Structures are given as C-alpha cells and as structure tokens.
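Encoded as structure tokens, the structure appears first; notes follow it.
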There are 2 protein chains.
Amino acid sequence: MQLLDGKKAGQAIREEIRLQVAQRLSEGKKQPHLAAILIGHNGASATYVGAKVKACEEAGILSTLLHYESDLPEHTLLEKIESLNNDPDIDGILVQLPLPKHIRESAVIHAIEPSKDVDGFHPVNQGLLMQGQPGFIPATPYGIQLLLQHYQIETAGKEAVVIGRSNIVGRPMSVLLSQPGPVGNCTVTLCHSKTTDLAGHIRRADIVVAALGQPDFVQANMIKPGAVVIDVGITRVENPTKKSGFELKGDVDYTNVSPLCNWITPVPGGVGPMTIAALLKNTLQACQQKDT
Amino acid sequence: MQLLDGKKAGQAIREEIRLQVAQRLSEGKKQPHLAAILIGHNGASATYVGAKVKACEEAGILSTLLHYESDLPEHTLLEKIESLNNDPDIDGILVQLPLPKHIRESAVIHAIEPSKDVDGFHPVNQGLLMQGQPGFIPATPYGIQLLLQHYQIETAGKEAVVIGRSNIVGRPMSVLLSQPGPVGNCTVTLCHSKTTDLAGHIRRADIVVAALGQPDFVQANMIKPGAVVIDVGITRVENPTKKSGFELKGDVDYTNVSPLCNWITPVPGGVGPMTIAALLKNTLQACQQKDT
C-alpha cells in the first residue's frame with residue numbers, strides 16, 4: 001500500500017505556484033488577488049477560509065478576507081459581489097459555503113462573474129467542465145485530479161466508482177474521470193443514495209472516490225484488492241480519548257481498507273490539502289487569463 | 001416485448017403543445033417563434049431542419065428558416081445570431097450542425113443567447129442541467145426522458161448504462177438519468193471507446209441507452225432479459241434490395257435483441273421523433289419564460 005499524500009503533493013503544487021507568481025512579479029505582471037467572503041461565525045468555515053488565506057500568502061497571492069455578520073442582507077452581499085466583479089484588481093472571488101438560511105446560495109453563485117469564479121460553481125463553469133472545455137473546475141474534484149496526476153496513477157480504461165452525486169464533488173468528479181485526456185478515460189459509475197447494489201459496484205472498481213459523508217462507510221469487504229481509494233469524507237466524530245474531544249473520520253474504514261489498496265488517501269492529509277492547492281491554481285489561472 | 005413508440009408518443013406531446021399554443025393565442029399571448037439556421041447543402045441536415053420546421057407549423061409555432069451557402073463567413077453568421085438574440089419576436093434559435101469546417105462550432109454555440117438556446121448546447125444550459133436546475137436540455141436526451149415518462153418506465157434504483165460520451169447525447173443523458181426526481185435516480189455507468197468490459201456493463205443494465213453510432217453493435221448476448229433498450233443510433237447502411245439503395249440502422253441488433261427486452265425503441269420511429277417533440281417543448285418554454 002502506498003499513500004496518496006495530499007499534504008506532500010499539495011505542498012509541491014503550491015511551491016510551483018509560488019515560483020510562477022514570483023516569475024510574474026519579476027516580469028512586472030499583475031500579482032494574483034483572491035477575495036474571500038465569510039459570513040457568520042461557523043467554526044469550520046472560518047478554519048477553511050483561514051487556511052485558504054494563509055496558503056495564498058505563502059504562494060505570494062494577495063488575498064482580501066471580507067467577514068460579515070450572519071444577518072447580512074442578501075442584496076448587500078450581491079452588491080458586494082458586483083463591486084468585486086467590477087474591481088480590476090480582484091482576479092478570483094470565493095464565497096465560503098454554507099450561507100445563512102436567508103441568503104439563496106444559487107443567487108450568490110450566479111452573481112459571481114464566471115471569469116472570477118475560482119470555486120467553479122457557476123453554471124457556465126460547470127457547463128464548460130461538462131463539455132471538456134477550459135474553465136474553472138471545483139476545487140475538490142480538481143484537487144483529486146491533481147493528486148492522481150502527481151502520483152501518475154493510470155486511469156485510462158479503469159473502472160471508477162464515485163459515491164455521492166453532489167454538484168460540487170461527486171458529479172463533477174464523475175465527469176472529469178470519464179473525459180478523454182490524462183487522468184480521464186475511466187468507465188465511471190456514479191452511485192448515490194438510491195443505488196441498490198452499492199457494495200457490488202465498489203467491489204468491481206479499480207478507483208473508488210468516496211464522497212458521501214458517512215464515517216467508515218466503505219468497508220474492507222467492499223474493496224477489490226489493488227484498488228486506488230480516494231476518501232473525500234471528513235466528519236467530526238466524538239472521541240473522549242482525544243484532547244479535543246473529537247477526531248476526524250473519512251468515509252473509508254482506513255484501518256481495514258488500506259492494507260488491500262495499491263494507493264489510498266489518508267484523512268486528514270489527503271484530499272483536504274489538495275483542494276487548497278487547486279484553489280490557488282484556479283486563482284493564478286484567473287489572473288493569467290487577463291494577461292495579453 | 002413492448003414498443004417505446006416514439007412516433008406515437010411524439011405525436012401525443014406535439015398535440016399537447018399545439019393545444020397550449022392555441023390557448024396562448026386565445027389569451028392574446030405571444031405566438032412562439034423559432035429561427036432555424038441551415039448552412040450549405042448537406043442532405044441529412046436539410047431533412048432534419050425541414051422536419052423541425054414542419055413540426056413547428058403543425059403545432060402553431062412560427063418558424064423562420066435561414067438558409068445560407070456553405071461559404072458563409074463565420075463573422076456573418078455570428079452577426080446574424082446576434083441580431084436574432086436581439087429580436088424580441090424570436091424565442092428560440094437553432095443552428096443545424098455540423099457546420100462547414102471554417103466555422104468554429106464552439107464560437108457559434110457560445111454566441112446564442114442562453115435564454116433562446118433551445119438546442120441546450122450553450123455551457124450555461126449544460127451547467128444548469130448538471131446542477132439539476134431549470135434550463136434547456138438538449139433535444140435527444142430530453143426526448144428520451146419524455147419517452148420514458150410517456151410510457152411510465154420505472155427508473156429509480158435501476159442500473160443504467162449509457163454508451164457514448166458525446167456532449168449532446170451520451171453525457172447529458174447520463175446526468176439526467178442519475179439525477180433525483182422522476183425519470184431519474186438510476187445508477188448510471190457511462191461507457192465509451194476506452195471502456196474495457198463494455199459487454200459486461202451492458203449485461204448488468206436494466207436500462208441501456210446506445211448512442212455510439214455503430215450499426216447493430218449491441219447484440220442479444222449482451223442484453224439482460226427484461227431490459228429497457230433505447231437506440232439513439234441512426235446510420236445509413238447500403239442495401240441494394242431497398243428502393244432507396246440504403247436502410248436506416250440503429251446501434252442495436254433489433255431483430256435479435258427485441259425478443260429479450262421488456263421495452264425497446266424501433267429505428268426509425270423511436271428516438272428520432274422524440275427529439276423533434278423535445279425541440280418544440282423547448283421552444284414553447286422559451287416563449288413562456290418571457291410571459292410576465
């Protein structure tokens with residue numbers, strides 16, 4: 001068993017980005033600039049945004065964190081996004097989800113100018129992804145693509161099973177894996193809550209991407225020996241023996257599954273760090289698109 | 001074996017549309033109006049566009065056919081599309097594919113205003129489809145959805161295999177079948193030219209959608225008894241015993257496969273007529289969206 005080490009791969013990609021940004025600056029080109037919007041005081045959201053801002057800083061990407069109280073009216077948020085759309089210094093805009101209930105997520109996503117939509121959630125970017133055209137790929141599936149690429153995992157002609165059909169992970173992941181090109185050409189089966197023989201599908205898979213959000217769901221008896229297993233899940237589970245009172249659990253029963261795999265991502269330290277690297281890549285790309 | 005009769009189902013849907021249009025007119029609402037652009041003298045393209053225009057007429061939908069020579073410069077076509085975008089009387093715009101080589105298909109598709117893109121090829125509409133949001137669904141997968149709906153085929157929890165990953169048929173079809181909601185909730189496997197065990201996948205499928213364009217590719221020994229088989233293929237094959245010198249062949253070996261199926265589409269008279277019904281539905285929807 002070998003580790004798909006997202007911490008290491010992510011670090012390597014972030015270092016590449018840092019060098020590319022430094023090169024830009026030495027050529028007198030514009031410094032990339034990400035605007036991140038955080039609303040309210042959700043602890044996990046604050047942690048994620050904080051990690052993104054810190055990663056930008058380390059890579060030489062400017063970042064502006066806009067933090068609002070959770071009673072922010074929707075129209076005020078939309079106006080703010082509009083002003084960021086029109087601000088030529090801002091290359092990428094990210095609105096940390098989830099949003100307070102009174103704000104419509106789709107209205108916010110649709111408001112972001114597609115050329116600055118570094119989260120890749122706008123329908124235009126999702127459509128470009130579906131058509132195999134250049135655009136912004138959502139950070140989690142893009143990060144997984146980068147991870148497979150980093151470790152030169154062969155994907156062409158392989159059987160892949162993606163568990164979970166969310167718009168931001170499972171579905172775009174299934175599209176990416178089945179497209180022509182590198183890190184593609186898999187035969188992909190997209191499984192979800194209505195799938196009748198989930199274990200049967202997983203058992204046939206050379207590549208498993210688990211993104212259902214149920215700790216330890218994927219068990220050793222579901223895994224084909226030699227499989228590549230990508231664990232997107234990250235759930236806080238109470239554990240009184242830990243100092244923090246909880247531990248982070250993936251969707252895969254790592255202890256029992258990992259001995260059977262050729263490759264597997266740990267949780268934490270697998271997909272998580274790759275999503276940040278992917279976001280930085282998107283932000284740099286957004287900035288590069290303006291070069292002429 | 002029962003027939004998924006696209007001619008019959010399509011006729012029923014077109015009759016519904018005709019009544020809805022008549023109702024609109026009696027209420028003093030705008031009559032739907034489709035603009036169809038045909039370039040050059042490809043026989044099949046001319047036949048398809050002709051059938052669409054005729055179907056519009058029968059349903060009470062206005063249609064304008066713009067026919068250009070094959071040396072039409074790209075920029076002239078784009079200007080024409082722009083003027084149709086800005087014409088308030090035009091509800092839907094369709095550019096018949098394939099285009100002459102000197103015209104970039106993606107430039108043309110991107111030029112059509114998404115709210116008039118009744119073919120559903122614009123990235124915005126593909127993205128909305130991927131996100132399960134309302135938009136225009138490409139006519140062929142939409143027509144298949146309407147056909148399954150018409151015959152009340154149960155899809156939830158079924159294993160579906162889609163063969164072919166094109167942007168206008170296979171991929172959107174795979175997304176539609178796997179989405180939540182009616183005519184959805186299938187576990188979908190998207191197969192293509194790089195799939196290693198295609199026959200194995202087809203053999204496990206409760207629903208097979210064949211869209212690869214290879215006559216008689218799907219054979220009886222690949223079919224699970226009781227399957228629902230949708231044949232999107234339509235290829236002209238030489239046949240000297242026919243008056244025309246050719247016959248139309250689907251991707252499925254109908255003679256040997258049909259006895260095994262619960263439901264199957266004939267070729268012709270299956271998916272073909274449904275795509276026209278789907279186009280009319282999209283055109284009516286484009287017109288309705290403007291009502292306020």
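Chain labels run A, B, ... following the order of the structure tokens; each chain numbers its residues from 1, and ligands are numbered from 1 in the order shown.
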Subject >> chain A contacts to chain B at 10 Å (only C-alpha atoms) as JSON, numbers by chain >> reply: {"A": [106, 121, 122, 123, 124, 125, 126, 127, 128, 129, 130, 131, 132, 133, 156, 157, 158, 159, 160, 161, 165, 166, 167, 168, 171, 172, 174, 175, 178, 179, 180, 184, 185, 186, 187, 188, 189, 190, 191, 192, 193, 194, 195, 196, 197, 198, 201]}
Original post:
Could you pull the residues within 6 Å of B:Ile39, counting only C-alpha atoms, minus those fewer than 5 positions along the same chain, as a count of residues only?
Top reply: 4
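Excluding A:Trp263 itself and same-chain residues fewer than 4 positions from it, the residues having an atom within 7 Å of it are Met1, Gln2, Leu3, Leu4, Ala227, Val228 and Val229 of chain A, counting only C-alpha atoms.
The residue that comes closest to A:Gly10, out of A:Val218, A:Ile137, A:Val169, A:Ala59 and on the basis of only C-alpha atoms, is A:Ala59.
Between atom CA of B:Ser115 and atom CA of A:Phe136 lies a distance of 22.5 Å.
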Original post:
Can you list every residue in stretch 105-240 of chain B that DSSP puts in helix (DSSP H, G or I), as a ChimeraX atom specification?
Top reply: /B:105-111,114-116,123-130,139-150,170-178,198-204,220-222
Could you take the residues named above and write them with N, CA and C atoms, as a tab-separated table (two decimals), in the first residue's frame?
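Full text of out18.tsv as output:
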chain	number	residue	atom	x	y	z
B	105	GLU	N	-17.53	25.66	-34.27
B	105	GLU	CA	-18.79	25.26	-33.64
B	105	GLU	C	-18.95	25.92	-32.28
B	106	SER	N	-17.85	25.95	-31.50
B	106	SER	CA	-17.98	26.48	-30.13
B	106	SER	C	-18.27	27.98	-30.17
B	107	ALA	N	-17.70	28.71	-31.14
B	107	ALA	CA	-17.97	30.15	-31.23
B	107	ALA	C	-19.46	30.38	-31.51
B	108	VAL	N	-20.02	29.54	-32.36
B	108	VAL	CA	-21.44	29.67	-32.72
B	108	VAL	C	-22.33	29.34	-31.52
B	109	ILE	N	-22.00	28.24	-30.85
B	109	ILE	CA	-22.80	27.82	-29.69
B	109	ILE	C	-22.75	28.87	-28.58
B	110	HIS	N	-21.56	29.43	-28.35
B	110	HIS	CA	-21.41	30.43	-27.30
B	110	HIS	C	-22.10	31.74	-27.67
B	111	ALA	N	-22.32	31.97	-28.97
B	111	ALA	CA	-22.91	33.24	-29.41
B	111	ALA	C	-24.41	33.31	-29.15
B	114	PRO	N	-28.31	32.37	-24.06
B	114	PRO	CA	-28.76	31.14	-23.39
B	114	PRO	C	-30.29	31.02	-23.24
B	115	SER	N	-30.98	32.15	-23.09
B	115	SER	CA	-32.44	32.07	-22.92
B	115	SER	C	-33.16	31.75	-24.23
B	116	LYS	N	-32.41	31.74	-25.35
B	116	LYS	CA	-33.00	31.37	-26.65
B	116	LYS	C	-32.37	30.08	-27.19
B	123	PRO	N	-22.87	26.42	-22.80
B	123	PRO	CA	-22.35	25.97	-21.50
B	123	PRO	C	-23.27	26.32	-20.33
B	124	VAL	N	-23.93	27.47	-20.37
B	124	VAL	CA	-24.84	27.81	-19.26
B	124	VAL	C	-25.93	26.76	-19.12
B	125	ASN	N	-26.52	26.36	-20.23
B	125	ASN	CA	-27.60	25.37	-20.15
B	125	ASN	C	-27.07	23.99	-19.77
B	126	GLN	N	-25.86	23.67	-20.23
B	126	GLN	CA	-25.27	22.39	-19.84
B	126	GLN	C	-24.95	22.40	-18.34
B	127	GLY	N	-24.50	23.55	-17.84
B	127	GLY	CA	-24.21	23.68	-16.42
B	127	GLY	C	-25.46	23.58	-15.57
B	128	LEU	N	-26.54	24.24	-16.02
B	128	LEU	CA	-27.81	24.17	-15.29
B	128	LEU	C	-28.30	22.73	-15.25
B	129	LEU	N	-28.16	22.02	-16.36
B	129	LEU	CA	-28.54	20.61	-16.41
B	129	LEU	C	-27.73	19.81	-15.40
B	130	MET	N	-26.42	20.07	-15.38
B	130	MET	CA	-25.55	19.35	-14.45
B	130	MET	C	-25.94	19.62	-13.01
B	139	ALA	N	-32.04	18.28	-27.15
B	139	ALA	CA	-33.26	17.62	-27.64
B	139	ALA	C	-33.22	16.09	-27.54
B	140	THR	N	-32.09	15.46	-27.84
B	140	THR	CA	-32.09	13.99	-27.84
B	140	THR	C	-32.26	13.41	-26.44
B	141	PRO	N	-31.40	13.79	-25.45
B	141	PRO	CA	-31.65	13.25	-24.10
B	141	PRO	C	-33.00	13.69	-23.53
B	142	TYR	N	-33.41	14.91	-23.84
B	142	TYR	CA	-34.72	15.38	-23.35
B	142	TYR	C	-35.83	14.53	-23.95
B	143	GLY	N	-35.71	14.24	-25.25
B	143	GLY	CA	-36.71	13.42	-25.92
B	143	GLY	C	-36.78	12.02	-25.31
B	144	ILE	N	-35.63	11.47	-24.96
B	144	ILE	CA	-35.60	10.13	-24.34
B	144	ILE	C	-36.26	10.19	-22.96
B	145	GLN	N	-35.98	11.27	-22.23
B	145	GLN	CA	-36.62	11.45	-20.93
B	145	GLN	C	-38.15	11.49	-21.09
B	146	LEU	N	-38.61	12.24	-22.08
B	146	LEU	CA	-40.06	12.36	-22.32
B	146	LEU	C	-40.66	11.01	-22.73
B	147	LEU	N	-39.88	10.23	-23.48
B	147	LEU	CA	-40.35	8.92	-23.94
B	147	LEU	C	-40.52	7.97	-22.75
B	148	LEU	N	-39.52	7.95	-21.86
B	148	LEU	CA	-39.60	7.09	-20.67
B	148	LEU	C	-40.77	7.52	-19.78
B	149	GLN	N	-40.95	8.84	-19.70
B	149	GLN	CA	-42.05	9.39	-18.91
B	149	GLN	C	-43.40	8.97	-19.50
B	150	HIS	N	-43.50	9.11	-20.83
B	150	HIS	CA	-44.75	8.80	-21.53
B	150	HIS	C	-45.18	7.35	-21.26
B	170	GLY	N	-24.77	11.44	-25.06
B	170	GLY	CA	-24.39	10.50	-24.00
B	170	GLY	C	-24.19	11.14	-22.64
B	171	ARG	N	-23.36	12.19	-22.61
B	171	ARG	CA	-23.06	12.76	-21.30
B	171	ARG	C	-24.28	13.40	-20.64
B	172	PRO	N	-25.01	14.29	-21.35
B	172	PRO	CA	-26.21	14.83	-20.69
B	172	PRO	C	-27.23	13.74	-20.33
B	173	MET	N	-27.33	12.71	-21.14
B	173	MET	CA	-28.24	11.60	-20.83
B	173	MET	C	-27.84	10.94	-19.51
B	174	SER	N	-26.53	10.72	-19.34
B	174	SER	CA	-26.06	10.07	-18.11
B	174	SER	C	-26.38	10.94	-16.89
B	175	VAL	N	-26.26	12.24	-17.06
B	175	VAL	CA	-26.57	13.15	-15.94
B	175	VAL	C	-28.06	13.11	-15.61
B	176	LEU	N	-28.91	13.21	-16.65
B	176	LEU	CA	-30.36	13.21	-16.43
B	176	LEU	C	-30.82	11.95	-15.71
B	177	LEU	N	-30.32	10.81	-16.16
B	177	LEU	CA	-30.79	9.54	-15.57
B	177	LEU	C	-30.34	9.39	-14.13
B	178	SER	N	-29.26	10.04	-13.75
B	178	SER	CA	-28.76	9.84	-12.39
B	178	SER	C	-29.25	10.91	-11.42
B	198	LEU	N	-17.14	-3.54	-22.00
B	198	LEU	CA	-18.42	-2.94	-22.37
B	198	LEU	C	-19.56	-3.96	-22.30
B	199	ALA	N	-19.33	-5.15	-22.83
B	199	ALA	CA	-20.38	-6.17	-22.83
B	199	ALA	C	-20.80	-6.51	-21.40
B	200	GLY	N	-19.82	-6.59	-20.49
B	200	GLY	CA	-20.12	-6.88	-19.08
B	200	GLY	C	-21.03	-5.81	-18.48
B	201	HIS	N	-20.74	-4.55	-18.79
B	201	HIS	CA	-21.57	-3.46	-18.27
B	201	HIS	C	-22.99	-3.53	-18.83
B	202	ILE	N	-23.09	-3.73	-20.15
B	202	ILE	CA	-24.42	-3.76	-20.76
B	202	ILE	C	-25.23	-4.92	-20.17
B	203	ARG	N	-24.55	-6.03	-19.92
B	203	ARG	CA	-25.22	-7.23	-19.42
B	203	ARG	C	-25.84	-7.03	-18.02
B	204	ARG	N	-25.30	-6.08	-17.26
B	204	ARG	CA	-25.84	-5.82	-15.92
B	204	ARG	C	-26.94	-4.76	-15.93
B	220	ALA	N	-27.64	-9.55	-28.92
B	220	ALA	CA	-28.55	-10.22	-27.97
B	220	ALA	C	-27.80	-10.79	-26.76
B	221	ASN	N	-26.58	-11.31	-26.98
B	221	ASN	CA	-25.86	-11.93	-25.85
B	221	ASN	C	-25.33	-10.91	-24.84
B	222	MET	N	-25.52	-9.61	-25.13
B	222	MET	CA	-25.09	-8.59	-24.18
B	222	MET	C	-26.25	-8.11	-23.31
Original post:
What's the 7 Å shell around stretch 254-257 of chain A, counting only C-alpha atoms, without same-chain residues fewer than 2 positions away, as a list in words?
Top reply: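 The contact residues come out as Gln219, Ala220, Val252, Pro259, Leu260 and Cys261 of chain A.
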Subject >> DSSP strand (DSSP E or B) selection over stretch 196-242 of chain B, as a PyMOL selection string >> reply: chain B and resi 207-210+218+228-231+235-238
Subject >> Non-local contacts of A:Gly269 (9 Å; only C-alpha atoms; under 4 positions in same chain excluded) as a PyMOL selection string >> reply: chain A and resi 5-8+265+273-274
Original post:
Can you list, as a PyMOL selection string, every protein, DNA or RNA residue that comes within 12 Å of A:Glu247 when you count only C-alpha atoms, leaving out same-chain residues fewer than 2 positions away?
Top reply: chain A and resi 215+234-245+249-250+267-268
Original post:
In terms of the shortest atom-to-atom distance over only C-alpha atoms, which of A:Gln152, A:Thr283, A:Gln214, A:Thr76 is closest to A:Cys56?
Top reply: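 For A:Cys56, the nearest of the candidates is A:Thr283.
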Subject >> Interatomic distance (Å, one decimal) between atom CA of A:Asn86 and atom CA of A:Lys281 >> reply: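 Value for the atom CA of A:Asn86-atom CA of A:Lys281 distance: 21.7 Å.
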